[in-house]
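Structure file target-v2.txt with compact mmCIF, C-alpha atoms:
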# COMPACT_ATOMS: atom_id res chain seq x y z
CA MET A 1 -16.64 65.80 304.30
CA PRO A 2 -13.57 65.24 306.47
CA GLU A 3 -14.17 63.53 309.81
CA LYS A 4 -14.18 65.45 313.09
CA LYS A 5 -14.22 68.77 311.31
CA ARG A 6 -14.35 71.82 313.56
CA ALA A 7 -14.83 75.55 312.99
CA ASP A 8 -15.37 78.65 315.07
CA VAL A 9 -18.63 79.30 313.20
CA ILE A 10 -20.84 77.08 311.05
CA VAL A 11 -23.11 78.89 308.60
CA ILE A 12 -26.06 76.84 307.37
CA GLY A 13 -27.10 78.01 303.91
CA GLY A 14 -25.06 79.04 300.88
CA GLY A 15 -27.37 81.69 299.47
CA VAL A 16 -26.59 85.39 299.35
CA ILE A 17 -27.17 85.90 303.09
CA GLY A 18 -25.13 82.89 304.24
CA SER A 19 -22.34 83.67 301.79
CA SER A 20 -22.19 87.35 302.78
CA ILE A 21 -21.96 86.37 306.45
CA ALA A 22 -19.19 83.87 305.66
CA TYR A 23 -17.31 86.55 303.71
CA GLU A 24 -17.53 89.08 306.54
CA LEU A 25 -16.50 86.51 309.18
CA SER A 26 -13.57 85.43 307.03
CA LEU A 27 -12.43 89.03 306.60
CA ARG A 28 -12.14 89.13 310.39
CA GLY A 29 -10.08 85.97 310.56
CA ILE A 30 -12.86 83.83 312.05
CA SER A 31 -12.73 80.16 311.03
CA THR A 32 -15.93 79.59 309.07
CA LEU A 33 -17.54 76.52 307.52
CA VAL A 34 -20.60 76.82 305.24
CA LEU A 35 -22.96 73.89 304.72
CA GLU A 36 -25.39 74.08 301.77
CA LYS A 37 -27.91 71.35 301.05
CA ASN A 38 -27.86 72.06 297.30
CA SER A 39 -25.33 74.19 295.43
CA ILE A 40 -24.21 77.75 296.10
CA ALA A 41 -26.78 80.32 294.87
CA SER A 42 -29.18 77.59 293.76
CA GLU A 43 -32.42 78.84 295.31
CA ALA A 44 -33.87 82.35 295.83
CA SER A 45 -30.47 84.00 295.34
CA SER A 46 -30.29 82.70 291.79
CA ALA A 47 -33.87 83.76 291.00
CA ALA A 48 -33.62 87.38 292.14
CA ALA A 49 -33.51 90.27 289.67
CA GLY A 50 -30.77 91.96 291.70
CA MET A 51 -32.42 95.32 292.39
CA LEU A 52 -30.90 97.50 295.10
CA ALA A 53 -34.07 99.53 295.51
CA ALA A 54 -33.56 101.02 298.96
CA GLN A 55 -35.73 104.06 298.18
CA GLY A 56 -37.85 102.68 295.37
CA GLU A 57 -38.94 99.55 297.27
CA PHE A 58 -39.72 101.23 300.58
CA ILE A 59 -42.05 103.90 299.32
CA GLU A 60 -43.35 104.40 302.87
CA GLU A 61 -40.89 104.83 305.74
CA ALA A 62 -40.54 101.62 307.73
CA PRO A 63 -38.01 99.93 310.05
CA LEU A 64 -36.15 98.61 307.01
CA PHE A 65 -35.76 102.00 305.33
CA ASP A 66 -32.64 103.15 307.18
CA LEU A 67 -31.02 99.72 307.08
CA ALA A 68 -31.76 99.35 303.37
CA ARG A 69 -30.13 102.69 302.54
CA LYS A 70 -27.14 101.87 304.74
CA SER A 71 -26.74 98.51 303.00
CA ARG A 72 -27.09 100.05 299.53
CA ALA A 73 -24.33 102.53 300.37
CA MET A 74 -21.99 99.63 301.16
CA PHE A 75 -22.18 98.10 297.68
CA PRO A 76 -19.60 100.13 295.74
CA GLN A 77 -16.88 99.28 298.26
CA VAL A 78 -18.03 95.66 298.68
CA VAL A 79 -18.15 94.86 294.98
CA GLN A 80 -14.78 96.53 294.40
CA SER A 81 -13.20 94.63 297.27
CA ILE A 82 -14.59 91.31 296.08
CA LYS A 83 -13.48 91.97 292.50
CA GLU A 84 -9.94 92.78 293.63
CA ARG A 85 -9.85 89.61 295.71
CA THR A 86 -11.53 87.19 293.30
CA GLY A 87 -11.59 88.83 289.85
CA LEU A 88 -15.37 88.35 289.71
CA ASP A 89 -17.59 91.09 288.29
CA VAL A 90 -21.04 91.16 289.90
CA GLY A 91 -22.63 93.43 287.27
CA PHE A 92 -23.06 96.47 289.49
CA VAL A 93 -24.97 99.22 287.61
CA ASP A 94 -25.95 102.54 289.19
CA ARG A 95 -28.11 104.33 286.63
CA GLY A 96 -31.06 104.75 288.99
CA LEU A 97 -34.69 103.61 289.11
CA LEU A 98 -37.98 105.02 287.82
CA ARG A 99 -41.07 104.26 289.87
CA ILE A 100 -43.89 104.72 287.37
CA ALA A 101 -47.14 106.47 288.20
CA LYS A 102 -50.11 104.83 286.50
CA ASN A 103 -52.94 106.95 287.95
CA ASN A 104 -53.66 110.15 289.87
CA GLN A 105 -53.33 108.37 293.20
CA ASP A 106 -49.79 107.35 292.27
CA ILE A 107 -48.98 110.93 291.28
CA GLN A 108 -50.00 112.24 294.69
CA ARG A 109 -48.22 109.44 296.55
CA TYR A 110 -44.95 109.79 294.66
CA ARG A 111 -44.90 113.59 294.86
CA GLU A 112 -45.30 113.31 298.63
CA GLN A 113 -42.60 110.66 298.75
CA ALA A 114 -40.18 112.91 296.87
CA GLU A 115 -40.81 115.71 299.37
CA ARG A 116 -40.29 113.38 302.37
CA GLN A 117 -37.06 112.05 300.94
CA HIS A 118 -35.82 115.58 300.16
CA ARG A 119 -36.33 116.43 303.85
CA LEU A 120 -34.09 113.48 304.70
CA GLY A 121 -31.42 114.79 302.36
CA LEU A 122 -32.05 112.08 299.76
CA SER A 123 -32.19 112.35 295.99
CA ALA A 124 -35.72 111.77 294.70
CA GLU A 125 -37.17 113.71 291.78
CA TRP A 126 -40.73 113.79 290.53
CA LEU A 127 -40.82 113.72 286.71
CA SER A 128 -43.72 114.62 284.46
CA THR A 129 -44.62 112.25 281.64
CA GLU A 130 -42.56 114.33 279.21
CA GLN A 131 -39.54 114.40 281.52
CA ALA A 132 -39.74 110.64 282.12
CA LEU A 133 -39.88 110.03 278.36
CA GLU A 134 -36.83 112.21 277.86
CA LEU A 135 -34.96 109.97 280.30
CA GLU A 136 -36.40 106.70 278.92
CA PRO A 137 -37.86 107.28 275.42
CA PHE A 138 -39.27 103.75 275.09
CA LEU A 139 -41.67 104.15 277.99
CA SER A 140 -45.35 104.27 277.11
CA SER A 141 -46.72 107.78 276.61
CA SER A 142 -49.73 106.72 278.71
CA ILE A 143 -47.79 106.82 281.99
CA LYS A 144 -48.68 109.65 284.37
CA GLY A 145 -45.11 110.49 285.36
CA ALA A 146 -42.43 108.86 287.49
CA LEU A 147 -40.44 109.16 290.68
CA PHE A 148 -36.75 109.07 289.74
CA ILE A 149 -34.49 107.54 292.39
CA GLU A 150 -30.98 108.25 291.17
CA SER A 151 -29.20 106.31 293.93
CA ASP A 152 -30.99 102.98 293.53
CA SER A 153 -28.89 100.49 291.61
CA GLN A 154 -28.62 96.79 290.73
CA VAL A 155 -26.33 93.75 290.50
CA VAL A 156 -26.52 90.29 288.92
CA ALA A 157 -27.78 88.29 291.89
CA PRO A 158 -26.24 84.84 291.23
CA GLN A 159 -22.87 86.41 290.46
CA LEU A 160 -22.96 88.42 293.69
CA THR A 161 -23.69 85.30 295.75
CA LYS A 162 -20.91 83.32 294.10
CA ALA A 163 -18.52 86.25 294.53
CA TYR A 164 -19.22 86.40 298.27
CA ALA A 165 -18.55 82.65 298.46
CA ARG A 166 -15.37 82.85 296.38
CA GLY A 167 -14.15 85.77 298.48
CA ALA A 168 -14.77 83.85 301.70
CA ILE A 169 -12.95 80.81 300.34
CA SER A 170 -9.97 82.96 299.36
CA LEU A 171 -9.79 84.01 303.01
CA GLY A 172 -9.87 80.45 304.33
CA ALA A 173 -13.57 79.63 304.67
CA GLN A 174 -14.71 76.15 303.67
CA PHE A 175 -17.89 75.54 301.66
CA PHE A 176 -19.50 72.11 301.41
CA GLU A 177 -22.31 71.81 298.83
CA PHE A 178 -24.94 69.06 298.79
CA THR A 179 -24.48 68.72 302.54
CA GLU A 180 -27.69 68.95 304.54
CA VAL A 181 -27.61 69.65 308.26
CA GLU A 182 -29.88 67.21 310.04
CA GLU A 183 -29.75 68.56 313.57
CA LEU A 184 -28.53 71.44 315.72
CA LEU A 185 -26.58 70.20 318.73
CA TYR A 186 -26.61 72.08 322.01
CA GLU A 187 -26.07 71.33 325.69
CA HIS A 188 -27.35 73.32 328.66
CA GLY A 189 -28.65 75.99 326.29
CA GLN A 190 -25.33 76.37 324.45
CA ILE A 191 -24.62 75.46 320.82
CA ILE A 192 -21.85 72.87 320.45
CA GLY A 193 -22.20 71.82 316.80
CA VAL A 194 -24.36 70.23 314.13
CA ARG A 195 -25.05 66.74 312.87
CA VAL A 196 -24.57 65.94 309.17
CA GLN A 197 -25.62 62.39 308.31
CA ASP A 198 -23.58 60.28 310.76
CA GLU A 199 -21.02 62.97 311.48
CA VAL A 200 -20.90 65.54 314.23
CA ILE A 201 -19.15 68.82 313.41
CA LEU A 202 -18.21 70.84 316.47
CA CYS A 203 -18.23 74.62 316.62
CA ASN A 204 -18.67 77.55 318.96
CA LYS A 205 -21.48 79.26 317.08
CA VAL A 206 -24.03 78.46 314.37
CA VAL A 207 -25.77 80.83 311.95
CA VAL A 208 -28.99 79.52 310.41
CA ALA A 209 -29.35 81.29 307.06
CA SER A 210 -31.14 78.62 305.06
CA SER A 211 -34.08 80.68 303.83
CA ILE A 212 -37.45 78.96 303.85
CA TRP A 213 -35.86 75.75 305.13
CA SER A 214 -34.67 77.38 308.37
CA PRO A 215 -37.72 76.48 310.49
CA ARG A 216 -37.08 72.73 310.14
CA LEU A 217 -33.86 72.94 312.14
CA LEU A 218 -35.45 75.09 314.82
CA ARG A 219 -38.37 72.67 315.16
CA LEU A 220 -35.99 69.79 315.82
CA ALA A 221 -34.58 71.90 318.66
CA GLY A 222 -38.06 72.45 320.10
CA TYR A 223 -38.79 75.88 318.64
CA ASP A 224 -40.71 77.23 315.69
CA LEU A 225 -39.59 80.05 313.42
CA PRO A 226 -42.63 81.69 311.81
CA LEU A 227 -41.76 81.92 308.14
CA SER A 228 -43.83 81.52 304.99
CA PRO A 229 -42.88 80.85 301.36
CA VAL A 230 -43.78 83.33 298.62
CA LYS A 231 -43.28 82.10 295.09
CA GLY A 232 -42.13 84.61 292.50
CA GLU A 233 -41.97 83.94 288.74
CA CYS A 234 -39.71 85.89 286.39
CA ILE A 235 -38.86 85.92 282.70
CA SER A 236 -35.94 87.27 280.73
CA VAL A 237 -35.91 88.58 277.17
CA LYS A 238 -33.29 89.93 274.82
CA LEU A 239 -33.92 93.54 273.86
CA THR A 240 -33.90 93.88 270.08
CA LYS A 241 -35.62 97.21 269.59
CA SER A 242 -36.12 99.09 272.83
CA SER A 243 -33.20 100.16 274.96
CA ILE A 244 -34.08 100.55 278.62
CA GLN A 245 -31.24 102.07 280.63
CA ARG A 246 -32.77 102.14 284.11
CA THR A 247 -34.81 99.88 286.34
CA ILE A 248 -38.53 100.46 285.73
CA TYR A 249 -40.67 99.74 288.79
CA THR A 250 -44.40 99.59 289.53
CA ASP A 251 -46.38 97.88 292.27
CA GLY A 252 -47.17 94.95 289.97
CA CYS A 253 -44.12 94.61 287.75
CA TYR A 254 -40.47 95.57 287.42
CA LEU A 255 -38.09 95.65 284.46
CA VAL A 256 -34.37 95.32 285.18
CA PRO A 257 -32.01 95.82 282.20
CA LYS A 258 -28.64 94.06 282.41
CA ALA A 259 -25.38 95.13 280.79
CA ASN A 260 -25.47 92.19 278.35
CA GLY A 261 -28.76 93.37 276.79
CA GLU A 262 -30.92 90.99 278.79
CA LEU A 263 -34.05 92.35 280.46
CA ILE A 264 -35.48 90.65 283.54
CA ILE A 265 -39.22 91.03 284.03
CA GLY A 266 -40.70 90.10 287.38
CA ALA A 267 -42.19 89.05 289.58
CA THR A 268 -45.43 87.34 290.46
CA VAL A 269 -46.37 87.07 294.14
CA LYS A 270 -47.88 83.73 295.14
CA PRO A 271 -47.98 83.24 298.92
CA ARG A 272 -47.59 79.82 300.55
CA ILE A 273 -46.57 78.04 297.36
CA THR A 274 -43.37 76.00 297.21
CA ASP A 275 -43.87 74.40 293.80
CA LYS A 276 -41.24 76.00 291.59
CA GLY A 277 -43.04 75.36 288.31
CA VAL A 278 -43.62 78.37 286.07
CA THR A 279 -47.28 78.92 285.17
CA LEU A 280 -48.73 80.25 281.94
CA GLY A 281 -50.97 82.60 283.90
CA GLY A 282 -48.03 84.05 285.80
CA ILE A 283 -45.97 84.61 282.67
CA SER A 284 -48.94 86.10 280.78
CA SER A 285 -49.56 88.60 283.56
CA LEU A 286 -45.91 89.69 283.54
CA ILE A 287 -45.83 90.11 279.77
CA HIS A 288 -49.05 92.14 279.81
CA ALA A 289 -47.78 94.39 282.62
CA ALA A 290 -44.43 94.89 280.88
CA GLU A 291 -46.09 95.84 277.57
CA GLN A 292 -48.13 98.50 279.38
CA LEU A 293 -44.87 100.10 280.48
CA VAL A 294 -42.72 99.55 277.38
CA PRO A 295 -44.87 98.60 274.35
CA SER A 296 -41.90 97.65 272.16
CA ILE A 297 -41.05 94.79 274.55
CA ARG A 298 -43.37 92.64 272.43
CA GLU A 299 -40.63 92.65 269.78
CA SER A 300 -38.06 91.19 272.18
CA GLU A 301 -36.61 87.69 271.91
CA TRP A 302 -37.56 85.17 274.56
CA ILE A 303 -34.71 83.81 276.69
CA SER A 304 -36.06 81.93 279.71
CA ALA A 305 -38.49 81.75 282.63
CA TRP A 306 -37.97 80.62 286.22
CA SER A 307 -39.29 80.96 289.74
CA GLY A 308 -37.88 81.34 293.22
CA ILE A 309 -39.26 80.76 296.70
CA ARG A 310 -38.74 83.75 298.97
CA PRO A 311 -39.09 83.59 302.77
CA ILE A 312 -41.28 86.15 304.53
CA THR A 313 -41.92 86.64 308.25
CA PRO A 314 -45.30 87.61 309.77
CA THR A 315 -44.09 91.22 310.16
CA GLY A 316 -42.36 91.37 306.78
CA LEU A 317 -39.09 92.14 308.57
CA PRO A 318 -36.18 89.68 308.47
CA TYR A 319 -34.90 87.87 311.54
CA MET A 320 -31.39 88.99 312.40
CA GLY A 321 -29.97 88.15 315.79
CA GLU A 322 -29.13 85.57 318.42
CA HIS A 323 -31.75 83.12 319.59
CA PRO A 324 -32.98 84.29 323.01
CA GLU A 325 -32.79 80.82 324.59
CA ILE A 326 -29.90 79.06 322.82
CA ASP A 327 -26.55 80.75 323.29
CA GLY A 328 -24.40 80.77 320.19
CA LEU A 329 -27.31 80.22 317.77
CA PHE A 330 -27.83 83.10 315.35
CA ILE A 331 -30.65 83.49 312.82
CA ALA A 332 -30.46 85.45 309.57
CA THR A 333 -33.42 84.74 307.33
CA GLY A 334 -36.79 86.07 306.17
CA HIS A 335 -35.37 88.82 303.95
CA TYR A 336 -38.18 88.23 301.40
CA ARG A 337 -37.53 90.40 298.30
CA ASN A 338 -34.56 92.23 299.79
CA GLY A 339 -31.94 89.56 300.42
CA ILE A 340 -29.61 90.91 297.74
CA LEU A 341 -29.99 94.51 298.91
CA LEU A 342 -29.55 93.69 302.60
CA SER A 343 -26.72 91.18 302.19
CA PRO A 344 -23.74 93.43 303.04
CA ALA A 345 -25.42 94.97 306.09
CA THR A 346 -26.62 91.57 307.30
CA GLY A 347 -23.12 90.15 306.99
CA VAL A 348 -21.69 92.95 309.12
CA ILE A 349 -24.49 92.81 311.71
CA ILE A 350 -24.23 89.06 312.25
CA ALA A 351 -20.42 89.17 312.35
CA ASP A 352 -20.55 91.99 314.91
CA LEU A 353 -23.00 90.04 317.07
CA ILE A 354 -20.83 86.94 316.89
CA GLU A 355 -17.82 88.99 317.99
CA GLY A 356 -19.84 90.56 320.81
CA LYS A 357 -19.53 94.08 319.42
CA SER A 358 -22.06 96.80 320.11
CA ILE A 359 -24.50 97.42 317.27
CA GLU A 360 -25.33 100.95 316.14
CA ASP A 361 -28.62 99.95 314.54
CA ASP A 362 -31.76 99.21 316.53
CA LEU A 363 -32.24 95.49 315.95
CA SER A 364 -35.36 95.11 318.09
CA PRO A 365 -37.69 95.04 315.03
CA PHE A 366 -35.65 92.12 313.68
CA ALA A 367 -35.46 90.11 316.93
CA VAL A 368 -35.76 86.33 316.76
CA PRO A 369 -39.05 85.29 318.42
CA VAL A 370 -39.39 82.52 321.00
CA VAL A 371 -42.05 80.20 319.67
CA ARG A 372 -42.30 76.75 321.23
CA TYR A 373 -43.05 73.81 319.00
CA ASP A 374 -44.56 70.56 320.27
CA SER A 375 -44.48 67.03 318.82
CA HIS A 376 -47.96 67.47 317.35
CA ASN A 377 -46.85 70.46 315.25
CA LYS A 378 -48.73 72.93 317.41
CA ILE A 379 -47.44 76.25 318.60
CA GLU A 380 -47.55 76.40 322.40
CA GLY A 381 -46.98 80.10 322.82
CA VAL A 382 -45.37 83.18 321.42
CA SER A 383 -43.35 85.88 323.13
CA ILE A 384 -41.13 88.37 321.37
CA PRO A 385 -38.26 89.78 323.44

Could I get this structure in the form of structure tokens?
Amino acid sequence: MPEKKRADVIVIGGGVIGSSIAYELSLRGISTLVLEKNSIASEASSAAAGMLAAQGEFIEEAPLFDLARKSRAMFPQVVQSIKERTGLDVGFVDRGLLRIAKNNQDIQRYREQAERQHRLGLSAEWLSTEQALELEPFLSSSIKGALFIESDSQVVAPQLTKAYARGAISLGAQFFEFTEVEELLYEHGQIIGVRVQDEVILCNKVVVASSIWSPRLLRLAGYDLPLSPVKGECISVKLTKSSIQRTIYTDGCYLVPKANGELIIGATVKPRITDKGVTLGGISSLIHAAEQLVPSIRESEWISAWSGIRPITPTGLPYMGEHPEIDGLFIATGHYRNGILLSPATGVIIADLIEGKSIEDDLSPFAVPVVRYDSHNKIEGVSIP
């Protein structure tokens, strides 16, 4: 790391969110420096299946629904722009998603969801068992039907993250891997820089986008950032018999086919666990759930298994905004299972905030809370602006 380095903005975290923010800032000509304690796309961004399930994931309307659809709509232009700039292909596939009904309750819920989305002018089609099998012949005949979301798509998550980073670098951003920020520096309530080992790096603004590790930096500044880890295990297999063309989604399991013939099966949900080991029980449950959806998966060839630690907030909504009490400190974390999907919108939102532009979207549900943190690791109080 060069001495006395300075940037307009320092982004802490080289995952998909930090890299997308760096890319958007760099597009605007803002001097940006990214500090990543490991390597780019080494944590949750490398473990994600890459679904862009804006309608399939948010089966009930919620504050994230509009933002998720807006972000999904940005992908075709974003991936094309990045490819033209870097030559990197992020594996964007837009064949749609099938949300599988396994019982009568699902049938009712998904039919109602299709009607609600039709009223919003969205594409969502309820399919009978026979219609679903026509679309995906290798599905089990025991399914009760499916909700077909034509507009939901997917990417290869690690490639997307690296493409954002490469694009930012091509525009002048600097990325430093294996560089852990030890302290946020601010005076009179204003960010002035960060401390890395024995070096101080000055800047005008800082974006904390370091996933589940974000609270540590806030605690050193006297604040807490309520965030919890959720471990998710995944496996990948090589399809040798069945040929799944679309993402297959249920509440307990998803199957994401990639262009190279690989199928990602995920993901377990294990709250408050940071151990990244893959368990036999987790893998067994995924295999069993996958076989219920596509019986011929049992003939597939094993490739690998892994896990990722995803950050979730108490509300389930990510933090996106400026800290209410430290000027120039921005937070972008807690995206849980939707970091890949929300990456382009988050990059634009944070860049707009940094530039002082007005924001069209209502960001109040994503506001950064003020939570004081004392030396005995106790929360003194909570108030949300």

Problem set entry | 12 Å contact set for A:Val368, only C-alpha atoms, chain neighbours under 6 positions out, as number ranges by chain | A: 208, 215, 218, 223-227, 313-315, 317-326, 329-334, 382-385

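For the pair atom CA of A:Lys5 and atom CA of A:Val34, the separation is 11.9 Å.
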
Set out as JSON lines a contact list for stretch 207-326 of chain A and stretch 80-97 of chain A with a cut-off of 10 Å, giving each residue of stretch 207-326 of chain A that qualifies its closest atom pair and distance in Å to one decimal, counting all atoms listed in the file, ordered by chain and rising residue number.
{"residue": "A:Gln245", "atom": "CA", "partner": "A:Arg95", "partner_atom": "CA", "distance": 7.1}
{"residue": "A:Arg246", "atom": "CA", "partner": "A:Leu97", "partner_atom": "CA", "distance": 5.6}
{"residue": "A:Thr247", "atom": "CA", "partner": "A:Leu97", "partner_atom": "CA", "distance": 4.6}
{"residue": "A:Ile248", "atom": "CA", "partner": "A:Leu97", "partner_atom": "CA", "distance": 6.0}
{"residue": "A:Tyr249", "atom": "CA", "partner": "A:Leu97", "partner_atom": "CA", "distance": 7.1}
{"residue": "A:Leu255", "atom": "CA", "partner": "A:Leu97", "partner_atom": "CA", "distance": 9.8}
{"residue": "A:Val256", "atom": "CA", "partner": "A:Leu97", "partner_atom": "CA", "distance": 9.2}
{"residue": "A:Pro257", "atom": "CA", "partner": "A:Val93", "partner_atom": "CA", "distance": 9.5}
{"residue": "A:Lys258", "atom": "CA", "partner": "A:Gly91", "partner_atom": "CA", "distance": 7.8}
{"residue": "A:Ala259", "atom": "CA", "partner": "A:Gly91", "partner_atom": "CA", "distance": 7.2}
{"residue": "A:Asn260", "atom": "CA", "partner": "A:Gly91", "partner_atom": "CA", "distance": 9.4}

For this session: Record the distance separating atom CA of A:Ser358 and atom CA of A:Leu25, expressed in Å with one decimal.
Result: 16.0 Å

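Of the listed residues A:Ile297, A:Ile169, A:Ala267, A:Ala53, the one whose atoms come nearest to A:Val237 is A:Ile297, with distances taken using all atoms listed in the file.
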
Could you list, as a PDB file with C-alpha atoms, in the frame of the given file, every residue within 10 Å of A:Lys102, counting only C-alpha atoms and ignoring same-chain residues fewer than 2 positions away?
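Printed below is result_37.pdb as written:
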ATOM      1  CA  ARG A  99     -41.070 104.260 289.870  1.00  0.00           C
ATOM      2  CA  ILE A 100     -43.890 104.720 287.370  1.00  0.00           C
ATOM      3  CA  ASN A 104     -53.660 110.150 289.870  1.00  0.00           C
ATOM      4  CA  GLN A 105     -53.330 108.370 293.200  1.00  0.00           C
ATOM      5  CA  ASP A 106     -49.790 107.350 292.270  1.00  0.00           C
ATOM      6  CA  ILE A 107     -48.980 110.930 291.280  1.00  0.00           C
ATOM      7  CA  SER A 142     -49.730 106.720 278.710  1.00  0.00           C
ATOM      8  CA  ILE A 143     -47.790 106.820 281.990  1.00  0.00           C
ATOM      9  CA  LYS A 144     -48.680 109.650 284.370  1.00  0.00           C
ATOM     10  CA  GLY A 145     -45.110 110.490 285.360  1.00  0.00           C
ATOM     11  CA  ALA A 146     -42.430 108.860 287.490  1.00  0.00           C
ATOM     12  CA  THR A 250     -44.400  99.590 289.530  1.00  0.00           C
ATOM     13  CA  ASP A 251     -46.380  97.880 292.270  1.00  0.00           C
ATOM     14  CA  GLN A 292     -48.130  98.500 279.380  1.00  0.00           C
ATOM     15  CA  LEU A 293     -44.870 100.100 280.480  1.00  0.00           C
TER      16      LEU A 293
END

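Shortest atom-to-atom contact with A:Val78 among A:Ile212, A:Val155, A:Val230, A:Leu280: A:Val155, counting all atoms listed in the file.
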
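Residue nearest A:Leu139 within the list A:Arg69, A:Val294, A:Val370, A:Cys203: A:Val294 [criterion: smallest interatomic distance, only C-alpha atoms].
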
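Residues in contact range of stretch 71-75 of chain A, defined as at most 6 Å between all atoms listed in the file, with sequence neighbours fewer than 6 positions away removed, read Leu342, Pro344 and Ala345 of chain A.
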
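Between atom CA of A:Ile40 and atom CA of A:Val9 the separation is 18.1 Å.
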
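With all atoms listed in the file as the atoms that count, the minimum distance from A:Gln55 to the choices A:Lys37, A:Ser141, A:Asn338, A:Leu171 is reached by A:Asn338.
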
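Each of A:Leu122, A:Ala173, A:Val79, A:Ala290 was compared to A:Leu35 using all atoms listed in the file, and A:Ala173 turns out to be the nearest.
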
Mind giving me the axis-aligned box for stretch 355-361 of chain A with 6 Å on every side, centre plus edges in Å to one decimal, as JSON?
{"center_x": -23.2, "center_y": 95.0, "center_z": 317.7, "size_x": 22.8, "size_y": 24.0, "size_z": 18.3}

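Distances to A:Val207 were evaluated for A:Gly347, A:Pro76, A:Pro63, A:Gly261 using all atoms listed in the file, and the minimum falls at A:Gly347.
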